[in-house]
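Novice: Got target.cif for you, mmCIF, C-alpha atoms:
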```cif
data_coords
loop_
_atom_site.group_PDB
_atom_site.id
_atom_site.type_symbol
_atom_site.label_atom_id
_atom_site.label_comp_id
_atom_site.auth_asym_id
_atom_site.auth_seq_id
_atom_site.Cartn_x
_atom_site.Cartn_y
_atom_site.Cartn_z
ATOM 1 C CA MET A 3 22.036 7.311 -14.624
ATOM 2 C CA ASN A 4 20.499 4.375 -16.518
ATOM 3 C CA SER A 5 17.944 5.143 -19.231
ATOM 4 C CA ASP A 6 15.398 3.044 -17.348
ATOM 5 C CA MET A 7 14.990 2.114 -13.693
ATOM 6 C CA ILE A 8 14.260 -0.904 -11.529
ATOM 7 C CA GLY A 9 10.944 -0.631 -9.706
ATOM 8 C CA GLY A 10 8.552 2.274 -9.888
ATOM 9 C CA ALA A 11 5.189 2.215 -11.645
ATOM 10 C CA PHE A 12 4.026 -0.717 -13.719
ATOM 11 C CA GLY A 13 3.423 -0.935 -17.459
ATOM 12 C CA ILE A 14 0.918 -3.276 -19.079
ATOM 13 C CA GLU A 15 1.186 -6.939 -18.051
ATOM 14 C CA LEU A 16 -1.374 -9.030 -19.929
ATOM 15 C CA SER A 17 -1.201 -12.813 -19.840
ATOM 16 C CA ALA A 18 -3.343 -15.338 -21.637
ATOM 17 C CA GLU A 19 -5.287 -16.210 -18.523
ATOM 18 C CA GLY A 20 -5.370 -14.501 -15.166
ATOM 19 C CA ARG A 21 -5.536 -16.580 -12.018
ATOM 20 C CA GLY A 22 -5.266 -16.315 -8.283
ATOM 21 C CA PHE A 23 -6.938 -12.958 -7.624
ATOM 22 C CA PRO A 24 -7.797 -13.229 -3.930
ATOM 23 C CA PHE A 25 -11.127 -11.314 -3.856
ATOM 24 C CA SER A 26 -14.552 -12.108 -5.308
ATOM 25 C CA GLU A 27 -17.354 -9.562 -5.348
ATOM 26 C CA SER A 28 -20.195 -9.989 -2.884
ATOM 27 C CA GLU A 29 -22.296 -7.837 -0.577
ATOM 28 C CA ASN A 30 -19.274 -7.799 1.749
ATOM 29 C CA CYS A 31 -16.620 -7.248 -0.947
ATOM 30 C CA ALA A 32 -16.721 -4.204 -3.233
ATOM 31 C CA TRP A 33 -14.537 -3.512 -6.273
ATOM 32 C CA LEU A 34 -13.944 0.237 -6.470
ATOM 33 C CA CYS A 35 -11.875 2.829 -8.292
ATOM 34 C CA SER A 36 -9.087 3.182 -5.698
ATOM 35 C CA GLY A 37 -7.889 2.216 -2.248
ATOM 36 C CA ARG A 38 -9.110 5.477 -0.737
ATOM 37 C CA ALA A 39 -12.510 4.906 -2.372
ATOM 38 C CA ALA A 40 -12.568 1.480 -0.725
ATOM 39 C CA LEU A 41 -11.954 3.104 2.663
ATOM 40 C CA GLU A 42 -14.689 5.650 2.032
ATOM 41 C CA CYS A 43 -17.106 2.897 1.022
ATOM 42 C CA ILE A 44 -16.378 1.057 4.286
ATOM 43 C CA VAL A 45 -16.879 4.123 6.479
ATOM 44 C CA ARG A 46 -20.074 5.164 4.669
ATOM 45 C CA SER A 47 -21.447 1.646 5.136
ATOM 46 C CA MET A 48 -20.754 1.403 8.870
ATOM 47 C CA PRO A 49 -23.896 0.999 10.965
ATOM 48 C CA ASP A 50 -22.672 3.873 13.173
ATOM 49 C CA ARG A 51 -20.356 6.469 11.681
ATOM 50 C CA PRO A 52 -17.354 7.219 13.954
ATOM 51 C CA ALA A 53 -16.834 10.653 15.476
ATOM 52 C CA ARG A 54 -13.042 10.478 15.330
ATOM 53 C CA ALA A 55 -10.414 8.415 13.522
ATOM 54 C CA PHE A 56 -7.033 7.533 15.010
ATOM 55 C CA VAL A 57 -4.533 7.180 12.138
ATOM 56 C CA PRO A 58 -0.858 6.116 12.437
ATOM 57 C CA ARG A 59 1.834 8.734 11.952
ATOM 58 C CA TYR A 60 3.330 6.673 9.125
ATOM 59 C CA THR A 61 0.335 6.911 6.796
ATOM 60 C CA CYS A 62 0.071 8.823 3.546
ATOM 61 C CA ASP A 63 -2.166 11.898 3.745
ATOM 62 C CA THR A 64 -4.279 10.609 0.851
ATOM 63 C CA VAL A 65 -5.778 8.087 3.275
ATOM 64 C CA LEU A 66 -7.272 11.017 5.172
ATOM 65 C CA THR A 67 -9.381 12.182 2.223
ATOM 66 C CA PRO A 68 -12.431 10.019 3.058
ATOM 67 C CA PHE A 69 -12.444 11.282 6.636
ATOM 68 C CA SER A 70 -12.309 14.881 5.423
ATOM 69 C CA ARG A 71 -15.222 14.275 3.055
ATOM 70 C CA LEU A 72 -17.286 12.721 5.841
ATOM 71 C CA GLY A 73 -16.454 15.329 8.489
ATOM 72 C CA ILE A 74 -14.592 12.903 10.761
ATOM 73 C CA ARG A 75 -11.878 14.366 12.957
ATOM 74 C CA VAL A 76 -8.443 12.750 12.499
ATOM 75 C CA LEU A 77 -5.874 12.291 15.258
ATOM 76 C CA ARG A 78 -2.439 10.856 14.560
ATOM 77 C CA TYR A 79 -0.945 8.243 16.843
ATOM 78 C CA GLU A 80 2.482 6.647 17.312
ATOM 79 C CA THR A 81 3.461 2.992 17.522
ATOM 80 C CA GLU A 82 6.610 1.447 18.923
ATOM 81 C CA ASP A 83 7.050 -1.145 16.175
ATOM 82 C CA LEU A 84 5.612 -0.774 12.655
ATOM 83 C CA PHE A 85 5.580 -4.518 12.077
ATOM 84 C CA ALA A 86 4.318 -5.642 15.501
ATOM 85 C CA PRO A 87 2.115 -2.777 16.759
ATOM 86 C CA THR A 88 1.513 -3.994 20.287
ATOM 87 C CA ASN A 89 2.132 -0.601 21.930
ATOM 88 C CA LEU A 90 0.120 2.348 20.602
ATOM 89 C CA TRP A 91 0.404 5.893 21.921
ATOM 90 C CA LEU A 92 -2.903 7.635 21.285
ATOM 91 C CA PRO A 93 -3.017 11.427 21.762
ATOM 92 C CA GLU A 94 -6.374 11.113 23.587
ATOM 93 C CA PRO A 95 -8.209 8.224 25.265
ATOM 94 C CA ALA A 96 -10.211 6.119 22.805
ATOM 95 C CA HIS A 97 -14.007 5.928 23.060
ATOM 96 C CA PRO A 98 -16.466 3.320 21.727
ATOM 97 C CA ASP A 99 -17.479 5.656 18.864
ATOM 98 C CA ASP A 100 -13.876 6.132 17.703
ATOM 99 C CA LEU A 101 -12.338 4.421 14.694
ATOM 100 C CA LEU A 102 -8.806 3.031 14.893
ATOM 101 C CA VAL A 103 -6.937 2.635 11.605
ATOM 102 C CA LEU A 104 -4.361 -0.151 11.708
ATOM 103 C CA VAL A 105 -1.801 -0.614 8.932
ATOM 104 C CA ASN A 106 -0.307 -3.772 7.549
ATOM 105 C CA TYR A 107 2.989 -2.269 6.428
ATOM 106 C CA PHE A 108 4.144 -3.725 3.097
ATOM 107 C CA GLY A 109 2.445 -7.072 3.845
ATOM 108 C CA LEU A 110 5.056 -7.723 6.554
ATOM 109 C CA SER A 111 3.199 -6.794 9.761
ATOM 110 C CA ASP A 112 2.522 -9.531 12.297
ATOM 111 C CA PRO A 113 -1.136 -10.563 11.793
ATOM 112 C CA THR A 114 -1.362 -11.824 15.376
ATOM 113 C CA ALA A 115 -0.255 -8.446 16.752
ATOM 114 C CA LEU A 116 -2.722 -6.605 14.508
ATOM 115 C CA GLN A 117 -5.566 -8.831 15.652
ATOM 116 C CA ALA A 118 -4.646 -8.345 19.327
ATOM 117 C CA VAL A 119 -4.757 -4.546 18.935
ATOM 118 C CA ALA A 120 -8.091 -4.746 17.109
ATOM 119 C CA CYS A 121 -9.571 -6.847 19.896
ATOM 120 C CA SER A 122 -8.383 -4.427 22.582
ATOM 121 C CA HIS A 123 -9.729 -1.251 20.953
ATOM 122 C CA PRO A 124 -13.076 -0.178 22.456
ATOM 123 C CA GLY A 125 -14.491 1.025 19.108
ATOM 124 C CA LEU A 126 -14.332 -0.022 15.464
ATOM 125 C CA CYS A 127 -11.118 -0.775 13.604
ATOM 126 C CA VAL A 128 -10.208 -0.629 9.925
ATOM 127 C CA LEU A 129 -7.166 -2.348 8.467
ATOM 128 C CA ASP A 130 -5.213 -0.371 5.863
ATOM 129 C CA ALA A 131 -3.793 -3.104 3.607
ATOM 130 C CA ALA A 132 -3.029 -0.802 0.671
ATOM 131 C CA THR A 133 0.519 -2.223 0.591
ATOM 132 C CA ALA A 134 -0.546 -5.752 1.613
ATOM 133 C CA LEU A 135 -2.736 -6.992 -1.224
ATOM 134 C CA PHE A 136 -2.206 -10.675 -0.478
ATOM 135 C CA ALA A 137 -2.663 -10.463 3.287
ATOM 136 C CA PRO A 138 -5.983 -11.916 4.497
ATOM 137 C CA PRO A 139 -8.207 -9.591 6.528
ATOM 138 C CA ILE A 140 -8.388 -9.770 10.300
ATOM 139 C CA PRO A 141 -11.588 -11.640 11.231
ATOM 140 C CA GLY A 142 -14.337 -9.129 11.861
ATOM 141 C CA VAL A 143 -12.248 -6.100 10.844
ATOM 142 C CA PRO A 144 -13.076 -4.085 7.677
ATOM 143 C CA THR A 145 -10.081 -4.004 5.328
ATOM 144 C CA PHE A 146 -9.174 -2.074 2.198
ATOM 145 C CA TYR A 147 -6.614 -2.850 -0.513
ATOM 146 C CA SER A 148 -5.013 -1.087 -3.491
ATOM 147 C CA LEU A 149 -4.245 -2.955 -6.724
ATOM 148 C CA ARG A 150 -1.961 -0.517 -8.523
ATOM 149 C CA LYS A 151 0.924 -1.064 -6.133
ATOM 150 C CA PHE A 152 1.190 -4.721 -7.096
ATOM 151 C CA ALA A 153 0.566 -5.030 -10.843
ATOM 152 C CA GLY A 154 0.014 -3.149 -14.070
ATOM 153 C CA VAL A 155 -3.507 -1.830 -13.618
ATOM 154 C CA PRO A 156 -4.547 1.831 -14.006
ATOM 155 C CA ASP A 157 -6.402 1.985 -10.674
ATOM 156 C CA GLY A 158 -8.555 -0.167 -8.437
ATOM 157 C CA GLY A 159 -9.358 -0.805 -4.786
ATOM 158 C CA ILE A 160 -11.024 -3.567 -2.798
ATOM 159 C CA ALA A 161 -13.206 -3.091 0.281
ATOM 160 C CA LEU A 162 -13.997 -5.984 2.636
ATOM 161 C CA ALA A 163 -16.298 -5.706 5.644
ATOM 162 C CA PRO A 164 -18.267 -7.907 8.054
ATOM 163 C CA PHE A 165 -21.356 -5.826 7.195
ATOM 164 C CA PRO A 166 -23.053 -5.143 3.828
ATOM 165 C CA LEU A 167 -21.293 -2.516 1.732
ATOM 166 C CA ARG A 168 -23.310 0.215 0.032
ATOM 167 C CA LEU A 169 -22.010 0.514 -3.513
ATOM 168 C CA PRO A 170 -21.881 3.789 -5.448
ATOM 169 C CA GLU A 171 -24.203 4.055 -8.431
ATOM 170 C CA VAL A 172 -21.615 5.378 -10.898
ATOM 171 C CA THR A 173 -18.879 3.284 -12.553
ATOM 172 C CA ASP A 174 -15.432 4.696 -13.244
ATOM 173 C CA ASP A 175 -13.888 5.139 -16.703
ATOM 174 C CA SER A 176 -10.146 4.505 -16.494
ATOM 175 C CA SER A 177 -9.344 4.629 -20.208
ATOM 176 C CA VAL A 178 -7.429 7.920 -19.948
ATOM 177 C CA ARG A 179 -5.424 6.750 -16.939
ATOM 178 C CA ALA A 180 -4.474 3.576 -18.812
ATOM 179 C CA ARG A 181 -2.348 5.765 -21.106
ATOM 180 C CA ALA A 182 0.239 5.926 -18.319
ATOM 181 C CA LEU A 183 0.655 2.147 -18.522
ATOM 182 C CA LEU A 184 1.009 2.346 -22.294
ATOM 183 C CA GLN A 185 3.694 5.008 -21.948
ATOM 184 C CA ARG A 186 5.523 2.806 -19.412
ATOM 185 C CA SER A 187 5.447 -0.184 -21.758
ATOM 186 C CA LEU A 188 6.403 1.780 -24.876
ATOM 187 C CA HIS A 189 8.914 4.313 -23.541
ATOM 188 C CA GLY A 190 10.114 3.069 -20.139
ATOM 189 C CA ALA A 191 9.871 4.217 -16.537
ATOM 190 C CA VAL A 192 11.651 7.573 -16.779
ATOM 191 C CA ALA A 193 9.747 8.838 -19.821
ATOM 192 C CA SER A 194 6.407 7.771 -18.332
ATOM 193 C CA LEU A 195 6.865 9.539 -14.976
ATOM 194 C CA PRO A 196 4.828 12.647 -15.998
ATOM 195 C CA TRP A 197 1.967 10.379 -17.055
ATOM 196 C CA PHE A 198 1.922 8.645 -13.691
ATOM 197 C CA GLU A 199 2.018 11.993 -11.907
ATOM 198 C CA ARG A 200 -1.126 12.956 -13.828
ATOM 199 C CA LEU A 201 -2.668 9.606 -12.946
ATOM 200 C CA GLU A 202 -2.009 10.198 -9.229
ATOM 201 C CA SER A 203 -3.465 13.684 -9.443
ATOM 202 C CA GLU A 204 -6.623 12.442 -11.131
ATOM 203 C CA LEU A 205 -7.114 9.591 -8.669
ATOM 204 C CA SER A 206 -6.838 12.008 -5.749
ATOM 205 C CA ARG A 207 -9.811 13.979 -7.116
ATOM 206 C CA LEU A 208 -12.082 11.058 -7.982
ATOM 207 C CA PRO A 209 -15.386 10.661 -6.137
ATOM 208 C CA LEU A 210 -16.523 7.282 -4.861
ATOM 209 C CA LEU A 211 -16.912 5.101 -7.979
ATOM 210 C CA ARG A 212 -17.169 1.445 -8.888
ATOM 211 C CA MET A 213 -14.193 -0.176 -10.604
ATOM 212 C CA SER A 214 -14.089 0.455 -14.343
ATOM 213 C CA PRO A 215 -14.649 -2.327 -16.912
ATOM 214 C CA LEU A 216 -11.137 -1.703 -18.264
ATOM 215 C CA THR A 217 -9.524 -2.227 -14.868
ATOM 216 C CA ARG A 218 -11.599 -5.392 -14.431
ATOM 217 C CA ALA A 219 -10.156 -6.640 -17.716
ATOM 218 C CA PHE A 220 -6.613 -5.983 -16.473
ATOM 219 C CA VAL A 221 -7.392 -7.817 -13.231
ATOM 220 C CA ALA A 222 -8.750 -10.789 -15.164
ATOM 221 C CA ALA A 223 -5.635 -10.920 -17.368
ATOM 222 C CA THR A 224 -3.052 -10.745 -14.571
ATOM 223 C CA ASP A 225 -1.482 -13.927 -13.212
ATOM 224 C CA TRP A 226 -1.824 -13.071 -9.536
ATOM 225 C CA GLU A 227 -0.418 -16.413 -8.414
ATOM 226 C CA LYS A 228 2.810 -15.611 -10.248
ATOM 227 C CA VAL A 229 2.824 -12.101 -8.792
ATOM 228 C CA ALA A 230 2.623 -13.454 -5.238
ATOM 229 C CA GLU A 231 5.088 -16.282 -5.794
ATOM 230 C CA ARG A 232 7.826 -14.114 -7.276
ATOM 231 C CA ARG A 233 7.457 -11.459 -4.580
ATOM 232 C CA MET A 234 7.772 -14.075 -1.829
ATOM 233 C CA GLU A 235 10.878 -15.569 -3.451
ATOM 234 C CA ASN A 236 12.541 -12.209 -3.945
ATOM 235 C CA TYR A 237 11.800 -11.116 -0.387
ATOM 236 C CA ALA A 238 13.394 -14.251 1.065
ATOM 237 C CA LYS A 239 16.574 -13.796 -0.975
ATOM 238 C CA LEU A 240 16.847 -10.084 -0.299
ATOM 239 C CA HIS A 241 16.332 -10.577 3.424
ATOM 240 C CA GLU A 242 18.961 -13.290 3.538
ATOM 241 C CA ARG A 243 21.474 -10.866 2.040
ATOM 242 C CA LEU A 244 20.405 -7.629 3.745
ATOM 243 C CA ARG A 245 19.077 -8.508 7.196
ATOM 244 C CA SER A 246 22.444 -7.821 8.862
ATOM 245 C CA LEU A 247 22.278 -4.250 7.527
ATOM 246 C CA ASN A 248 18.629 -3.684 8.290
ATOM 247 C CA ARG A 249 17.597 -1.824 11.428
ATOM 248 C CA PHE A 250 14.055 -3.097 10.985
ATOM 249 C CA THR A 251 13.361 -6.493 12.515
ATOM 250 C CA LEU A 252 11.652 -8.388 9.708
ATOM 251 C CA PRO A 253 10.454 -11.997 9.520
ATOM 252 C CA PRO A 254 12.675 -14.482 7.632
ATOM 253 C CA GLN A 255 9.629 -15.444 5.589
ATOM 254 C CA ALA A 256 7.040 -12.866 4.649
ATOM 255 C CA PRO A 257 3.563 -13.585 6.088
ATOM 256 C CA SER A 258 2.120 -12.527 2.707
ATOM 257 C CA ALA A 259 3.486 -11.435 -0.662
ATOM 258 C CA PRO A 260 5.045 -8.055 0.169
ATOM 259 C CA PHE A 261 4.953 -4.690 -1.547
ATOM 260 C CA CYS A 262 8.692 -4.057 -1.164
ATOM 261 C CA TYR A 263 11.714 -4.908 0.949
ATOM 262 C CA PRO A 264 11.897 -2.089 3.534
ATOM 263 C CA LEU A 265 15.576 -1.448 4.206
ATOM 264 C CA LEU A 266 16.557 0.947 6.983
ATOM 265 C CA THR A 267 20.270 1.602 7.362
ATOM 266 C CA GLY A 268 22.599 4.313 8.565
ATOM 267 C CA ILE A 269 24.724 4.235 5.411
ATOM 268 C CA PRO A 270 25.186 7.848 4.217
ATOM 269 C CA GLY A 271 24.374 8.514 0.575
ATOM 270 C CA LEU A 272 23.014 5.016 -0.073
ATOM 271 C CA ARG A 273 19.717 6.298 -1.472
ATOM 272 C CA ASP A 274 21.477 8.492 -4.039
ATOM 273 C CA GLU A 275 23.814 5.671 -5.050
ATOM 274 C CA LEU A 276 20.923 3.280 -5.641
ATOM 275 C CA ILE A 277 18.924 5.882 -7.571
ATOM 276 C CA ASP A 278 21.979 6.554 -9.742
ATOM 277 C CA ALA A 279 22.128 2.799 -10.356
ATOM 278 C CA GLY A 280 18.593 2.966 -11.722
ATOM 279 C CA ILE A 281 16.476 1.815 -8.758
ATOM 280 C CA ALA A 282 13.243 3.682 -8.011
ATOM 281 C CA LEU A 283 13.192 4.675 -4.336
ATOM 282 C CA PRO A 284 10.306 7.016 -3.513
ATOM 283 C CA PHE A 285 9.839 8.720 -0.153
ATOM 284 C CA LEU A 286 6.767 6.908 1.162
ATOM 285 C CA TRP A 287 5.924 9.308 3.995
ATOM 286 C CA GLU A 288 6.805 12.774 2.729
ATOM 287 C CA GLU A 289 4.238 14.279 5.106
ATOM 288 C CA VAL A 290 6.243 13.028 8.093
ATOM 289 C CA ILE A 291 9.390 14.654 6.721
ATOM 290 C CA ALA A 292 7.573 17.935 6.081
ATOM 291 C CA CYS A 293 5.955 18.269 9.510
ATOM 292 C CA THR A 294 8.808 17.142 11.805
ATOM 293 C CA GLN A 295 12.280 18.352 12.682
ATOM 294 C CA ALA A 296 15.263 16.632 11.077
ATOM 295 C CA THR A 297 16.351 15.392 14.524
ATOM 296 C CA ASP A 298 12.981 13.730 15.170
ATOM 297 C CA PRO A 299 13.286 9.894 15.084
ATOM 298 C CA SER A 300 10.222 9.615 12.846
ATOM 299 C CA ASN A 301 11.771 12.114 10.425
ATOM 300 C CA ARG A 302 14.957 10.056 10.246
ATOM 301 C CA ILE A 303 13.007 6.873 9.567
ATOM 302 C CA ALA A 304 10.942 8.496 6.821
ATOM 303 C CA ARG A 305 14.066 9.929 5.173
ATOM 304 C CA SER A 306 16.180 6.785 5.551
ATOM 305 C CA LEU A 307 13.661 4.114 4.557
ATOM 306 C CA LEU A 308 14.620 2.492 1.261
ATOM 307 C CA PRO A 309 11.610 0.592 -0.177
ATOM 308 C CA LEU A 310 13.562 -1.780 -2.410
ATOM 309 C CA PRO A 311 11.504 -3.179 -5.300
ATOM 310 C CA LEU A 312 11.060 -6.956 -5.323
ATOM 311 C CA ASP A 313 8.147 -7.361 -7.683
ATOM 312 C CA GLN A 314 7.394 -9.994 -10.300
ATOM 313 C CA ARG A 315 9.219 -8.199 -13.116
ATOM 314 C CA TYR A 316 12.621 -9.020 -11.653
ATOM 315 C CA SER A 317 14.566 -11.921 -10.216
ATOM 316 C CA ALA A 318 16.260 -11.501 -6.860
ATOM 317 C CA ALA A 319 19.614 -12.077 -8.575
ATOM 318 C CA ALA A 320 18.987 -9.121 -10.883
ATOM 319 C CA ILE A 321 18.083 -6.842 -7.979
ATOM 320 C CA LEU A 322 21.032 -7.963 -5.838
ATOM 321 C CA SER A 323 23.457 -7.413 -8.702
ATOM 322 C CA LEU A 324 22.328 -3.786 -8.887
ATOM 323 C CA LEU A 325 22.464 -3.298 -5.125
ATOM 324 C CA ASN A 326 26.046 -4.617 -4.915
ATOM 325 C CA LEU A 327 25.732 -4.891 -1.137
#
```
Output the structure of this file as structure tokens.

Specialist:
Amino acid sequence: MNSDMIGGAFGIELSAEGRGFPFSESENCAWLCSGRAALECIVRSMPDRPARAFVPRYTCDTVLTPFSRLGIRVLRYETEDLFAPTNLWLPEPAHPDDLLVLVNYFGLSDPTALQAVACSHPGLCVLDAATALFAPPIPGVPTFYSLRKFAGVPDGGIALAPFPLRLPEVTDDSSVRARALLQRSLHGAVASLPWFERLESELSRLPLLRMSPLTRAFVAATDWEKVAERRMENYAKLHERLRSLNRFTLPPQAPSAPFCYPLLTGIPGLRDELIDAGIALPFLWEEVIACTQATDPSNRIARSLLPLPLDQRYSAAAILSLLNL
């Protein structure tokens, strides 16, 4: 296996002048310590707190933390198409005091389909855009984002809502978590993995906090226009090469700068081969794998999904040369 890997967590990426960050603070836009904190801020600020929350099956369990803290019952639902969720299968009929969580998967979900579902739901909706940082919100729908999946920042989340957001009084201190980025820059992806595991563990325990001054400095120093541009270019080239292999139906052009290129194939052993070639390929929905039978279609999707990195650190040619597909 290579001494380093393609993809995975980010190191430090400071440029002379940051530009293109898509969100400015206001009473309707809060900068917080994490994506889950952004969700919690939205729910706490709602004029009427929901009694239940419908959450898609393909959602990380960490998203459920705010609902647990607020005593909101969670019910999982299924959707026919991750990227065009026109048909939802709710376990119980929805009521006006229910919250429906929609997900923009990897920045590649059809915004028109998401808006249609939001309009048809009898209660409130929230858009989970944790892997869709550059996707605009659905008009009238609260939306939360995560920064760490797109650039070298130690933490950070953004909450947007059509109503005023109630900010926490305490500001985060991310100086210790920034050590993971330093380890990534100094010693590479493999050596820094334990540091990022600690970072994840700490973030999962954080209360609702404002974004730290250090993270704000990283945001200000990141060239977000370059981040978005390179991701869009890499997606287009990867899709051109891989769409014939992909069981997902993806758009030829990404509607927004994506998190990854989601490749779903039936090729046995492909994940192991790519990992051996030095490409980071995490299981994104381990909870689905753990709670379903191996023969369950959702289990197969969760096990077979290959979230190929396409971020700004690499050219599409470099990634394709490693894939050798």

Novice: Using only C-alpha atoms, pick whichever of A:Asn106, A:Ser246, A:Thr217, A:Ser28 has the shortest atom-to-atom distance to Gly154 of chain A.

Specialist: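 Of A:Asn106, A:Ser246, A:Thr217, A:Ser28, the one nearest Gly154 of chain A is A:Thr217, counting only C-alpha atoms.
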
Novice: Env of Asp83 of chain A: 12 Å cut, atoms = all atoms listed in the file, seq-sep filter 5 positions within chain, self excluded. Answer as a compact mmCIF listing (two decimals) with C-alpha atoms, in the frame of the given file.

Specialist:
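Contents of the output file part-v7.txt:
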```
# COMPACT_ATOMS: atom_id res chain seq x y z
CA PRO A 58 -0.86 6.12 12.44
CA ARG A 59 1.83 8.73 11.95
CA TYR A 60 3.33 6.67 9.12
CA THR A 88 1.51 -3.99 20.29
CA ASN A 89 2.13 -0.60 21.93
CA LEU A 90 0.12 2.35 20.60
CA TRP A 91 0.40 5.89 21.92
CA VAL A 105 -1.80 -0.61 8.93
CA ASN A 106 -0.31 -3.77 7.55
CA TYR A 107 2.99 -2.27 6.43
CA LEU A 110 5.06 -7.72 6.55
CA SER A 111 3.20 -6.79 9.76
CA ASP A 112 2.52 -9.53 12.30
CA ALA A 115 -0.26 -8.45 16.75
CA LEU A 116 -2.72 -6.60 14.51
CA ARG A 249 17.60 -1.82 11.43
CA PHE A 250 14.06 -3.10 10.98
CA THR A 251 13.36 -6.49 12.52
CA LEU A 252 11.65 -8.39 9.71
CA SER A 300 10.22 9.62 12.85
CA ILE A 303 13.01 6.87 9.57
```

Novice: Tell me which of A:Thr133, A:Ser214, A:Ser148, A:Thr81 sits closest to Val119 of chain A, counting only C-alpha atoms.

Specialist: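 Closest to Val119 of chain A of all the choices is A:Thr81.
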
Novice: Quick one: everything within 6 Å of Leu167 of chain A, counting all atoms listed in the file, minus sequence neighbours fewer than 5 positions away in the same chain. Send it as a ChimeraX atom specification.

Specialist: /A:29-30,47

Novice: How many Å separate atom CA of Asn248 of chain A from atom CA of Leu266 of chain A?

Specialist: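 Spanning atom CA of Asn248 of chain A to atom CA of Leu266 of chain A is a straight-line distance of 5.2 Å.
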
Novice: Carefully work through the PyMOL selection byres ((chain A and resi 215) around 10) for this structure and note down the residues it includes, as a list of chain:residue names.

Specialist: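 This file gives the following for the PyMOL selection byres ((chain A and resi 215) around 10): A:Thr173, A:Asp174, A:Asp175, A:Ser176, A:Ser177, A:Arg212, A:Met213, A:Ser214, A:Leu216, A:Thr217, A:Arg218, A:Ala219, A:Phe220, A:Val221.
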
Novice: Name the closest residue to Leu66 of chain A among the candidates A:Cys293, A:Ile281, A:Ala118, A:Leu41; distances are taken between atoms, counting only C-alpha atoms.

Specialist: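 Ranking A:Cys293, A:Ile281, A:Ala118, A:Leu41 by distance to Leu66 of chain A, first place goes to A:Leu41.
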
Novice: Identify which of the residues A:Gly37, A:Pro49, A:Pro254, A:Pro68 lies closest to Leu149 of chain A, counting only C-alpha atoms when measuring atom-to-atom distances.

Specialist: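 Going through A:Gly37, A:Pro49, A:Pro254, A:Pro68 one by one, the smallest distance to Leu149 of chain A is for A:Gly37.
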
Novice: Show me as a list in words the residues that reach within 9 Å of (-14.0, 3.3, 15.7), counting only C-alpha atoms and using the file's own coordinates.

Specialist: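 With a cut-off of 9 Å, the residues come to Arg51, Pro52, Ala53, Arg54, Ala55, Phe56, Ala96, His97, Pro98, Asp99, Asp100, Leu101, Leu102, Val103, His123, Pro124, Gly125, Leu126, Cys127 and Val128 of chain A.
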
Novice: Which residue is closest to Gly10 of chain A? Choose from A:Arg168, A:Arg71, A:Arg186, A:Arg78 and count only C-alpha atoms.

Specialist: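 Looking at the shortest contact to Gly10 of chain A, the residue is A:Arg186.
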
Novice: If you count all atoms listed in the file, which residues fall within 7 Å of segment 311-326 of chain A, apart from same-chain ones fewer than 5 positions away, as a short mmCIF file (atom, residue, chain, number, x, y, z; two decimals) with C-alpha atoms, in the frame of the given file?

Specialist:
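The file below, part-v8.cif, is the result:
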```cif
data_model
loop_
_atom_site.label_atom_id
_atom_site.label_comp_id
_atom_site.auth_asym_id
_atom_site.auth_seq_id
_atom_site.Cartn_x
_atom_site.Cartn_y
_atom_site.Cartn_z
CA GLY A 9 10.94 -0.63 -9.71
CA VAL A 229 2.82 -12.10 -8.79
CA ARG A 232 7.83 -14.11 -7.28
CA ARG A 233 7.46 -11.46 -4.58
CA ASN A 236 12.54 -12.21 -3.94
CA TYR A 237 11.80 -11.12 -0.39
CA LYS A 239 16.57 -13.80 -0.98
CA LEU A 240 16.85 -10.08 -0.30
CA CYS A 262 8.69 -4.06 -1.16
CA TYR A 263 11.71 -4.91 0.95
CA LEU A 276 20.92 3.28 -5.64
CA ALA A 279 22.13 2.80 -10.36
#
```

Novice: Env of Pro170 of chain A: 12 Å cut, atoms = only C-alpha atoms, seq-sep filter 6 positions within chain, self excluded. Answer as number ranges by chain.

Specialist: A: 32-35, 39-40, 42-44, 46-47, 209-213

Novice: Tell me, in Å to one decimal, how far atom CA of Glu288 of chain A is from atom CA of Ala134 of chain A.

Specialist: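 Answer for the atom CA of Glu288 of chain A to atom CA of Ala134 of chain A separation: 20.0 Å.
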
Novice: Step by step: start from the point (12.9, 3.7, -7.3) in the file's coordinates, keep every protein, DNA or RNA residue that has an atom no farther than 10 Å from it, count only C-alpha atoms, and write the set as a VMD selection string.

Specialist: chain A and resid 7 to 11 191 273 276 to 285 308 to 311

Novice: Just want the 10 Å neighbourhood of Arg207 of chain A, counted on all atoms listed in the file, with same-chain residues fewer than 4 positions away dropped. Output as a ChimeraX atom specification.

Specialist: /A:67,202-203

Novice: Work out how far atom CA of Ser36 of chain A is from atom CA of Asn301 of chain A, in Å to one decimal.

Specialist: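 Computing it gives 27.8 Å between the two atoms.
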
Novice: Should you be able to, write segment 211-222 of chain A of this structure into a file that contains C-alpha atoms, as a short mmCIF file (atom, residue, chain, number, x, y, z; two decimals), in the first residue's frame.

Specialist:
```cif
data_model
loop_
_atom_site.label_atom_id
_atom_site.label_comp_id
_atom_site.auth_asym_id
_atom_site.auth_seq_id
_atom_site.Cartn_x
_atom_site.Cartn_y
_atom_site.Cartn_z
CA LEU A 211 -21.41 26.46 20.18
CA ARG A 212 -20.60 29.34 17.87
CA MET A 213 -17.82 28.85 15.33
CA SER A 214 -14.35 29.41 16.78
CA PRO A 215 -12.16 32.37 15.76
CA LEU A 216 -9.54 29.91 14.46
CA THR A 217 -12.02 28.20 12.15
CA ARG A 218 -13.17 31.62 10.94
CA ALA A 219 -9.56 32.38 10.04
CA PHE A 220 -9.32 29.15 8.03
CA VAL A 221 -12.57 30.00 6.24
CA ALA A 222 -11.26 33.46 5.39
#
```
